[in-house]
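K.L.:
This one is input_19.pdb, PDB, C-alpha atoms, pLDDT in the B column.
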```
MODEL        1
ATOM      1  CA  MET C   1       0.000   0.000   0.000  1.00 44.00           C
ATOM      2  CA  ASN C   2       1.170   3.573  -0.629  1.00 42.00           C
ATOM      3  CA  ASP C   3      -0.066   7.148  -0.894  1.00 40.00           C
ATOM      4  CA  GLY C   4       0.180   7.329  -4.676  1.00 45.00           C
ATOM      5  CA  GLY C   5       3.336   9.413  -4.859  1.00 50.00           C
ATOM      6  CA  GLY C   6       1.456  12.546  -5.867  1.00 50.00           C
ATOM      7  CA  LEU C   7      -0.517  10.992  -8.737  1.00 51.00           C
ATOM      8  CA  SER C   8      -4.233  11.677  -9.086  1.00 53.00           C
ATOM      9  CA  GLU C   9      -6.523   8.773  -8.205  1.00 53.00           C
ATOM     10  CA  PRO C  10      -7.296   7.758 -11.841  1.00 58.00           C
ATOM     11  CA  SER C  11      -3.632   8.076 -12.842  1.00 80.00           C
ATOM     12  CA  ARG C  12      -2.500   6.100  -9.817  1.00 78.00           C
ATOM     13  CA  SER C  13      -4.945   3.293 -10.594  1.00 88.00           C
ATOM     14  CA  LEU C  14      -3.830   3.038 -14.226  1.00 92.00           C
ATOM     15  CA  ALA C  15      -0.170   3.162 -13.236  1.00 92.00           C
ATOM     16  CA  LEU C  16      -0.701   0.425 -10.657  1.00 90.00           C
ATOM     17  CA  LEU C  17      -2.534  -1.706 -13.227  1.00 92.00           C
ATOM     18  CA  ASP C  18       0.357  -1.296 -15.657  1.00 95.00           C
ATOM     19  CA  TYR C  19       2.935  -2.072 -12.969  1.00 95.00           C
ATOM     20  CA  ARG C  20       1.184  -5.286 -11.953  1.00 93.00           C
ATOM     21  CA  ARG C  21       0.870  -6.349 -15.574  1.00 96.00           C
ATOM     22  CA  ARG C  22       4.590  -5.817 -16.057  1.00 97.00           C
ATOM     23  CA  VAL C  23       5.450  -7.770 -12.912  1.00 97.00           C
ATOM     24  CA  ALA C  24       3.166 -10.639 -13.906  1.00 97.00           C
ATOM     25  CA  GLU C  25       4.729 -10.708 -17.397  1.00 98.00           C
ATOM     26  CA  LEU C  26       8.225 -10.654 -15.888  1.00 98.00           C
ATOM     27  CA  TYR C  27       7.489 -13.711 -13.756  1.00 98.00           C
ATOM     28  CA  ARG C  28       5.850 -15.467 -16.714  1.00 98.00           C
ATOM     29  CA  GLN C  29       9.078 -14.993 -18.658  1.00 98.00           C
ATOM     30  CA  VAL C  30      11.168 -16.172 -15.708  1.00 98.00           C
ATOM     31  CA  ARG C  31       9.090 -19.363 -15.442  1.00 97.00           C
ATOM     32  CA  ALA C  32       9.505 -19.945 -19.180  1.00 97.00           C
ATOM     33  CA  MET C  33      13.294 -19.579 -18.886  1.00 96.00           C
ATOM     34  CA  GLY C  34      13.469 -22.191 -16.105  1.00 92.00           C
ATOM     35  CA  ASP C  35      15.858 -22.245 -13.198  1.00 91.00           C
ATOM     36  CA  GLY C  36      19.410 -20.993 -13.370  1.00 94.00           C
ATOM     37  CA  PRO C  37      21.398 -17.773 -13.269  1.00 97.00           C
ATOM     38  CA  ASP C  38      20.227 -16.520 -16.691  1.00 98.00           C
ATOM     39  CA  ALA C  39      16.624 -16.218 -15.491  1.00 98.00           C
ATOM     40  CA  TRP C  40      17.832 -14.560 -12.283  1.00 98.00           C
ATOM     41  CA  VAL C  41      19.943 -11.977 -14.136  1.00 98.00           C
ATOM     42  CA  PHE C  42      16.984 -11.243 -16.441  1.00 98.00           C
ATOM     43  CA  TRP C  43      14.716 -10.766 -13.393  1.00 98.00           C
ATOM     44  CA  ARG C  44      17.205  -8.431 -11.748  1.00 98.00           C
ATOM     45  CA  ARG C  45      17.597  -6.251 -14.826  1.00 98.00           C
ATOM     46  CA  ARG C  46      13.874  -5.929 -15.416  1.00 98.00           C
ATOM     47  CA  ARG C  47      13.244  -5.098 -11.759  1.00 98.00           C
ATOM     48  CA  ASP C  48      15.907  -2.370 -11.874  1.00 98.00           C
ATOM     49  CA  ASP C  49      14.226  -0.927 -14.961  1.00 97.00           C
ATOM     50  CA  LEU C  50      10.839  -0.827 -13.199  1.00 97.00           C
ATOM     51  CA  PHE C  51      12.334   0.738 -10.081  1.00 97.00           C
ATOM     52  CA  ARG C  52      14.183   3.350 -12.127  1.00 97.00           C
ATOM     53  CA  ASN C  53      11.474   4.327 -14.610  1.00 96.00           C
ATOM     54  CA  HIS C  54       7.955   3.347 -13.573  1.00 96.00           C
ATOM     55  CA  PRO C  55       5.655   5.863 -11.810  1.00 93.00           C
ATOM     56  CA  GLN C  56       4.653   3.140  -9.320  1.00 93.00           C
ATOM     57  CA  SER C  57       8.274   2.507  -8.364  1.00 95.00           C
ATOM     58  CA  ALA C  58       8.961   2.255  -4.641  1.00 95.00           C
ATOM     59  CA  ILE C  59      11.995   4.507  -5.165  1.00 96.00           C
ATOM     60  CA  PRO C  60      11.092   8.139  -4.339  1.00 95.00           C
ATOM     61  CA  PRO C  61      10.816  10.246  -7.528  1.00 94.00           C
ATOM     62  CA  ASP C  62      13.688  12.550  -6.547  1.00 94.00           C
ATOM     63  CA  LYS C  63      16.058   9.569  -6.238  1.00 95.00           C
ATOM     64  CA  ARG C  64      15.219   7.706  -9.442  1.00 95.00           C
ATOM     65  CA  THR C  65      17.661   9.578 -11.685  1.00 93.00           C
ATOM     66  CA  THR C  66      20.557   8.500  -9.440  1.00 95.00           C
ATOM     67  CA  PHE C  67      19.250   4.986  -8.781  1.00 96.00           C
ATOM     68  CA  GLU C  68      22.026   2.501  -9.588  1.00 95.00           C
ATOM     69  CA  GLY C  69      20.124  -0.735  -9.084  1.00 97.00           C
ATOM     70  CA  LEU C  70      19.114  -2.997  -6.220  1.00 98.00           C
ATOM     71  CA  SER C  71      21.681  -5.006  -4.272  1.00 98.00           C
ATOM     72  CA  TYR C  72      21.726  -8.809  -4.205  1.00 98.00           C
ATOM     73  CA  PHE C  73      23.699 -11.666  -2.755  1.00 98.00           C
ATOM     74  CA  PRO C  74      25.485 -13.830  -5.371  1.00 98.00           C
ATOM     75  CA  TYR C  75      23.358 -16.453  -7.100  1.00 98.00           C
ATOM     76  CA  ASP C  76      23.195 -19.715  -5.130  1.00 97.00           C
ATOM     77  CA  PRO C  77      21.740 -22.786  -6.895  1.00 97.00           C
ATOM     78  CA  THR C  78      21.428 -24.672  -3.578  1.00 96.00           C
ATOM     79  CA  VAL C  79      18.582 -22.488  -2.289  1.00 97.00           C
ATOM     80  CA  ARG C  80      16.088 -23.269  -5.040  1.00 97.00           C
ATOM     81  CA  PHE C  81      13.432 -25.815  -4.035  1.00 97.00           C
ATOM     82  CA  GLU C  82      10.193 -27.210  -5.427  1.00 97.00           C
ATOM     83  CA  LEU C  83       8.244 -28.089  -2.311  1.00 97.00           C
ATOM     84  CA  PRO C  84       4.866 -29.698  -1.662  1.00 97.00           C
ATOM     85  CA  LEU C  85       2.356 -27.322  -0.138  1.00 97.00           C
ATOM     86  CA  GLU C  86       1.093 -29.264   2.853  1.00 96.00           C
ATOM     87  CA  PRO C  87      -2.463 -28.050   3.497  1.00 94.00           C
ATOM     88  CA  LEU C  88      -3.948 -27.586   6.939  1.00 92.00           C
ATOM     89  CA  ALA C  89      -6.863 -29.741   7.996  1.00 89.00           C
ATOM     90  CA  ARG C  90      -8.596 -26.490   8.760  1.00 90.00           C
ATOM     91  CA  GLU C  91      -7.511 -23.100   7.468  1.00 91.00           C
ATOM     92  CA  HIS C  92      -7.548 -20.286   9.975  1.00 90.00           C
ATOM     93  CA  PRO C  93      -7.673 -16.496   9.609  1.00 94.00           C
ATOM     94  CA  THR C  94      -4.886 -14.226  10.790  1.00 95.00           C
ATOM     95  CA  GLN C  95      -3.839 -10.603  10.557  1.00 96.00           C
ATOM     96  CA  LEU C  96      -0.358  -9.727   9.359  1.00 97.00           C
ATOM     97  CA  ASP C  97       0.911  -6.480  10.804  1.00 95.00           C
ATOM     98  CA  HIS C  98       2.233  -3.811   8.462  1.00 96.00           C
ATOM     99  CA  SER C  99       5.574  -2.063   8.536  1.00 96.00           C
ATOM    100  CA  GLY C 100       3.552   1.097   9.212  1.00 92.00           C
ATOM    101  CA  GLU C 101       0.049   1.402  10.543  1.00 90.00           C
ATOM    102  CA  GLY C 102      -2.595  -1.251  10.067  1.00 91.00           C
ATOM    103  CA  SER C 103      -2.723  -4.912   9.137  1.00 95.00           C
ATOM    104  CA  THR C 104      -4.036  -7.134   6.355  1.00 94.00           C
ATOM    105  CA  GLY C 105      -6.305 -10.155   6.691  1.00 95.00           C
ATOM    106  CA  PHE C 106      -4.940 -13.483   5.479  1.00 96.00           C
ATOM    107  CA  ARG C 107      -5.700 -17.151   6.004  1.00 96.00           C
ATOM    108  CA  VAL C 108      -3.026 -19.698   6.828  1.00 97.00           C
ATOM    109  CA  VAL C 109      -3.636 -22.414   4.234  1.00 96.00           C
ATOM    110  CA  GLY C 110      -0.640 -24.685   4.733  1.00 97.00           C
ATOM    111  CA  SER C 111       3.110 -24.829   4.998  1.00 97.00           C
ATOM    112  CA  VAL C 112       6.257 -25.810   3.144  1.00 98.00           C
ATOM    113  CA  ALA C 113       9.203 -27.654   4.694  1.00 97.00           C
ATOM    114  CA  VAL C 114      12.434 -25.995   3.599  1.00 97.00           C
ATOM    115  CA  PRO C 115      15.466 -28.332   3.737  1.00 96.00           C
ATOM    116  CA  LEU C 116      18.177 -26.253   5.390  1.00 90.00           C
ATOM    117  CA  GLY C 117      21.081 -27.213   7.626  1.00 79.00           C
ATOM    118  CA  ASN C 118      20.448 -30.381   9.602  1.00 75.00           C
ATOM    119  CA  GLY C 119      16.726 -30.640   8.911  1.00 80.00           C
ATOM    120  CA  ASP C 120      13.582 -29.110   7.504  1.00 90.00           C
ATOM    121  CA  GLU C 121      12.286 -25.738   8.637  1.00 94.00           C
ATOM    122  CA  ARG C 122       8.623 -24.908   8.112  1.00 96.00           C
ATOM    123  CA  LEU C 123       7.212 -21.711   6.704  1.00 97.00           C
ATOM    124  CA  ALA C 124       3.505 -20.944   6.827  1.00 97.00           C
ATOM    125  CA  VAL C 125       1.888 -20.100   3.498  1.00 98.00           C
ATOM    126  CA  HIS C 126      -0.861 -17.465   3.581  1.00 97.00           C
ATOM    127  CA  TRP C 127      -3.794 -16.659   1.312  1.00 97.00           C
ATOM    128  CA  LEU C 128      -4.908 -13.056   0.974  1.00 95.00           C
ATOM    129  CA  ASP C 129      -8.363 -12.954   2.530  1.00 89.00           C
ATOM    130  CA  GLY C 130      -9.774 -10.377   0.151  1.00 82.00           C
ATOM    131  CA  TYR C 131     -11.120  -9.989  -3.372  1.00 75.00           C
ATOM    132  CA  GLY C 132      -9.117 -12.086  -5.827  1.00 79.00           C
ATOM    133  CA  GLY C 133      -6.979 -13.698  -3.138  1.00 90.00           C
ATOM    134  CA  GLY C 134      -3.495 -14.994  -3.768  1.00 95.00           C
ATOM    135  CA  LEU C 135      -0.701 -16.963  -2.110  1.00 97.00           C
ATOM    136  CA  PHE C 136       1.775 -15.048   0.012  1.00 98.00           C
ATOM    137  CA  LEU C 137       5.041 -16.370   1.425  1.00 98.00           C
ATOM    138  CA  ALA C 138       7.208 -14.036   3.473  1.00 98.00           C
ATOM    139  CA  PHE C 139      10.022 -14.929   5.847  1.00 98.00           C
ATOM    140  CA  ARG C 140      12.783 -13.736   8.111  1.00 98.00           C
ATOM    141  CA  ASP C 141      16.132 -15.437   8.592  1.00 97.00           C
ATOM    142  CA  GLU C 142      19.425 -14.876  10.375  1.00 97.00           C
ATOM    143  CA  THR C 143      20.394 -12.090   7.967  1.00 98.00           C
ATOM    144  CA  SER C 144      17.290 -10.063   8.916  1.00 98.00           C
ATOM    145  CA  GLY C 145      18.142  -6.824  10.670  1.00 97.00           C
ATOM    146  CA  ALA C 146      21.760  -6.863   9.491  1.00 97.00           C
ATOM    147  CA  GLU C 147      22.360  -7.843   5.875  1.00 98.00           C
ATOM    148  CA  THR C 148      18.659  -7.706   4.955  1.00 98.00           C
ATOM    149  CA  TYR C 149      15.619  -5.774   6.182  1.00 98.00           C
ATOM    150  CA  GLY C 150      14.674  -6.646   9.751  1.00 97.00           C
ATOM    151  CA  GLY C 151      11.003  -6.938   8.839  1.00 97.00           C
ATOM    152  CA  GLY C 152      11.685  -9.769   6.416  1.00 98.00           C
ATOM    153  CA  ARG C 153      11.517 -10.498   2.700  1.00 98.00           C
ATOM    154  CA  TYR C 154       8.993 -11.899   0.247  1.00 98.00           C
ATOM    155  CA  VAL C 155       9.519 -14.861  -2.062  1.00 98.00           C
ATOM    156  CA  LEU C 156       5.938 -15.299  -3.384  1.00 98.00           C
ATOM    157  CA  ASP C 157       3.063 -12.842  -3.744  1.00 97.00           C
ATOM    158  CA  THR C 158       0.807 -14.200  -6.476  1.00 96.00           C
ATOM    159  CA  THR C 159      -1.757 -11.418  -6.039  1.00 93.00           C
ATOM    160  CA  LYS C 160       0.838  -9.105  -7.547  1.00 92.00           C
ATOM    161  CA  GLY C 161       2.168 -11.612 -10.064  1.00 94.00           C
ATOM    162  CA  ALA C 162       5.256 -12.738  -8.110  1.00 97.00           C
ATOM    163  CA  ASP C 163       4.789 -16.448  -8.830  1.00 97.00           C
ATOM    164  CA  LEU C 164       7.707 -18.802  -9.536  1.00 98.00           C
ATOM    165  CA  GLY C 165       5.455 -21.724 -10.480  1.00 97.00           C
ATOM    166  CA  GLY C 166       5.603 -25.375  -9.470  1.00 96.00           C
ATOM    167  CA  GLY C 167       3.957 -28.677 -10.306  1.00 93.00           C
ATOM    168  CA  GLU C 168       0.577 -29.823  -9.039  1.00 95.00           C
ATOM    169  CA  GLY C 169       0.346 -29.176  -5.316  1.00 95.00           C
ATOM    170  CA  ARG C 170       3.906 -27.830  -5.259  1.00 97.00           C
ATOM    171  CA  LEU C 171       5.542 -24.407  -5.069  1.00 98.00           C
ATOM    172  CA  VAL C 172       8.882 -23.273  -6.404  1.00 98.00           C
ATOM    173  CA  VAL C 173      10.565 -21.499  -3.494  1.00 98.00           C
ATOM    174  CA  ASP C 174      13.762 -19.989  -4.856  1.00 98.00           C
ATOM    175  CA  PHE C 175      15.429 -17.700  -2.345  1.00 98.00           C
ATOM    176  CA  ASN C 176      17.543 -16.164  -5.109  1.00 98.00           C
ATOM    177  CA  PHE C 177      14.303 -14.347  -6.001  1.00 98.00           C
ATOM    178  CA  ALA C 178      13.606 -13.161  -2.441  1.00 98.00           C
ATOM    179  CA  TYR C 179      12.974  -9.431  -2.406  1.00 98.00           C
ATOM    180  CA  HIS C 180      12.358  -6.628   0.048  1.00 98.00           C
ATOM    181  CA  PRO C 181       8.901  -5.130   0.511  1.00 97.00           C
ATOM    182  CA  SER C 182       8.417  -1.638  -0.889  1.00 95.00           C
ATOM    183  CA  CYS C 183       8.566  -0.032   2.563  1.00 95.00           C
ATOM    184  CA  VAL C 184      12.331  -0.656   2.601  1.00 97.00           C
ATOM    185  CA  HIS C 185      12.750   1.862  -0.192  1.00 95.00           C
ATOM    186  CA  SER C 186      10.324   4.546   0.993  1.00 93.00           C
ATOM    187  CA  PRO C 187       8.267   5.202   4.152  1.00 90.00           C
ATOM    188  CA  ARG C 188       5.353   6.138   1.865  1.00 89.00           C
ATOM    189  CA  TRP C 189       4.634   2.419   1.689  1.00 91.00           C
ATOM    190  CA  SER C 190       3.177   0.235   4.437  1.00 94.00           C
ATOM    191  CA  CYS C 191       3.610  -3.470   3.752  1.00 95.00           C
ATOM    192  CA  PRO C 192       2.474  -6.710   5.441  1.00 96.00           C
ATOM    193  CA  LEU C 193       5.281  -8.484   7.238  1.00 97.00           C
ATOM    194  CA  PRO C 194       5.795 -12.187   8.021  1.00 97.00           C
ATOM    195  CA  PRO C 195       4.635 -13.443  11.409  1.00 94.00           C
ATOM    196  CA  ALA C 196       7.280 -14.247  14.004  1.00 92.00           C
ATOM    197  CA  GLY C 197       6.870 -17.976  13.318  1.00 94.00           C
ATOM    198  CA  ASN C 198       8.075 -17.572   9.733  1.00 97.00           C
ATOM    199  CA  THR C 199      11.694 -17.161  10.808  1.00 97.00           C
ATOM    200  CA  LEU C 200      14.318 -19.540   9.457  1.00 97.00           C
ATOM    201  CA  GLN C 201      17.084 -20.469  11.889  1.00 94.00           C
ATOM    202  CA  ALA C 202      19.719 -20.124   9.184  1.00 94.00           C
ATOM    203  CA  PRO C 203      21.169 -17.260   7.153  1.00 96.00           C
ATOM    204  CA  ILE C 204      19.689 -17.030   3.648  1.00 97.00           C
ATOM    205  CA  ARG C 205      22.412 -15.192   1.765  1.00 98.00           C
ATOM    206  CA  ALA C 206      20.507 -15.128  -1.490  1.00 98.00           C
ATOM    207  CA  GLY C 207      18.123 -12.658  -3.056  1.00 98.00           C
ATOM    208  CA  GLU C 208      17.873  -8.950  -2.396  1.00 98.00           C
ATOM    209  CA  ARG C 209      20.032  -7.471   0.336  1.00 98.00           C
ATOM    210  CA  LEU C 210      20.704  -4.112   1.921  1.00 97.00           C
ATOM    211  CA  ARG C 211      23.654  -2.131   0.600  1.00 88.00           C
TER     212      ARG C 211
ENDMDL
END
```
Translate this file's structure into C-alpha cells.

P.N.:
Amino acid sequence: MNDGGGLSEPSRSLALLDYRRRVAELYRQVRAMGDGPDAWVFWRRRRDDLFRNHPQSAIPPDKRTTFEGLSYFPYDPTVRFELPLEPLAREHPTQLDHSGEGSTGFRVVGSVAVPLGNGDERLAVHWLDGYGGGLFLAFRDETSGAETYGGGRYVLDTTKGADLGGGEGRLVVDFNFAYHPSCVHSPRWSCPLPPAGNTLQAPIRAGERLR
C-alpha cells in the first residue's frame, strides 16, 4: 500500500494496473526460462528498470535519476526448491501487521518444509483474505536486521504476479528471487510483514540485500 506518490486517483490506478501487468509478465518470462542464473539476471535487470522508470516505483521520484540498481547476494543454486504445499486440515484467519500502521487479513492455508542445515524448517503459506486472493510467502532469517531488512523479505506474492510456479500441489521457493517489501525503499509504503513464526534459523544469503 502507498499514498500514490502525488498521482491523481485515476492516474494512480492506471499506473498500478500497468505495474502489476509488467510484474506478472516478468514472472511469466522467468518461469519460461526455467531455473538458473540466466533467469535470475533477467529478473534483476527488469526489476531495476521498473524501479528506475515506472511511476509506481517504490523509489522516491527525486532519487530515481541517481538509482544505480538494487543489491543482491550472489546467485546460489542450492537455495532453489520445489516443495509440496502441505495443506492444513482447517484453514484459519490471521492478521499480518504492516511495517507502518494497520494490518491485512490473510488465512493460513498450509506450509512448506524448507530443507536447510540439519533438517527441515517450516514456513507458513498465507492466502490473501480479500477480493481475488493470492498466495503469500514471506520470511525472516538470520540475515534479517543486518544484511537484509529486519522486517523480512517476500519470495511469493501471487496477487501481484510474483509467482515462480511449481507442479501440481507444489511451489517453487527460490530464495535467489527473495525481495524486500516496498517499505524498505520509501516510508510512503506500508507493507504486510511475516509473522514471528516464519523465521528460518539459518542465514539465507541469497536474493535482495541491503547495501

K.L.:
So which residues touch Leu83 in chain C within 8 Å, counting all atoms listed in the file, skipping near sequence neighbours fewer than 2 positions away, as a PDB file with C-alpha atoms, in the frame of the given file?

P.N.:
```pdb
ATOM      1  CA  PHE C  81      13.432 -25.815  -4.035  1.00 97.00           C
ATOM      2  CA  LEU C  85       2.356 -27.322  -0.138  1.00 97.00           C
ATOM      3  CA  VAL C 112       6.257 -25.810   3.144  1.00 98.00           C
ATOM      4  CA  ALA C 113       9.203 -27.654   4.694  1.00 97.00           C
ATOM      5  CA  VAL C 114      12.434 -25.995   3.599  1.00 97.00           C
ATOM      6  CA  ARG C 170       3.906 -27.830  -5.259  1.00 97.00           C
ATOM      7  CA  LEU C 171       5.542 -24.407  -5.069  1.00 98.00           C
ATOM      8  CA  VAL C 172       8.882 -23.273  -6.404  1.00 98.00           C
ATOM      9  CA  VAL C 173      10.565 -21.499  -3.494  1.00 98.00           C
TER      10      VAL C 173
END
```

K.L.:
Name the residues captured by the PyMOL selection byres ((chain C and resi 100) around 10) when it is applied to the shown file; answer as an MDAnalysis selection string.

P.N.:
chainID C and resid 1 97:99 101:103 183 187:193

K.L.:
Taking the file as I've supplied it (selection: the PyMOL selection byres ((chain C and resi 94) around 12)), which residues are included? Please answer as a VMD selection string.

P.N.:
chain C and resid 91 to 93 95 to 97 103 to 109 124 to 129 192 194 to 195

K.L.:
For the structure provided, state which residues fall under the PyMOL selection byres ((chain C and resi 155) around 6), and present them as a VMD selection string.

P.N.:
chain C and resid 137 154 156 178

K.L.:
Which is closest to Arg122 in chain C among C:Ala206, C:Val184, C:Ala138, C:Leu200, if we use all atoms listed in the file?

P.N.:
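Among the listed residues, the smallest separation from Arg122 in chain C belongs to C:Leu200.
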
K.L.:
Got a sec: who's within 7 Å of range 15-30 of chain C, counting all atoms listed in the file, leaving out chain neighbours fewer than 3 positions off, as a list in words?

P.N.:
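Answer for this query is Ser11, Arg12, Met33, Gly34, Ala39, Trp43, Pro55, Gln56, Lys160, Gly161, Ala162, Asp163 and Leu164 of chain C.
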
K.L.:
Using all atoms of range 11-20 of chain C listed in the file and a margin of 5 Å per side, can you give the axis-aligned box centre and edge lengths in Å to one decimal, as AutoDock Vina command-line options?

P.N.:
```
--center_x -1.0 --center_y 1.4 --center_z -12.7 --size_x 17.9 --size_y 23.4 --size_z 15.8
```

K.L.:
What is the distance between CA of Phe73 in chain C and CA of Ile204 in chain C, in Å to one decimal?

P.N.:
9.3 Å

K.L.:
Rounded to one decimal, what separation in Å do you get between CA of Thr159 in chain C and CA of Arg44 in chain C?

P.N.:
20.0 Å

K.L.:
What does the distance from CA of Gln201 in chain C to CA of Asp174 in chain C come to in Å, to one decimal?

P.N.:
17.1 Å
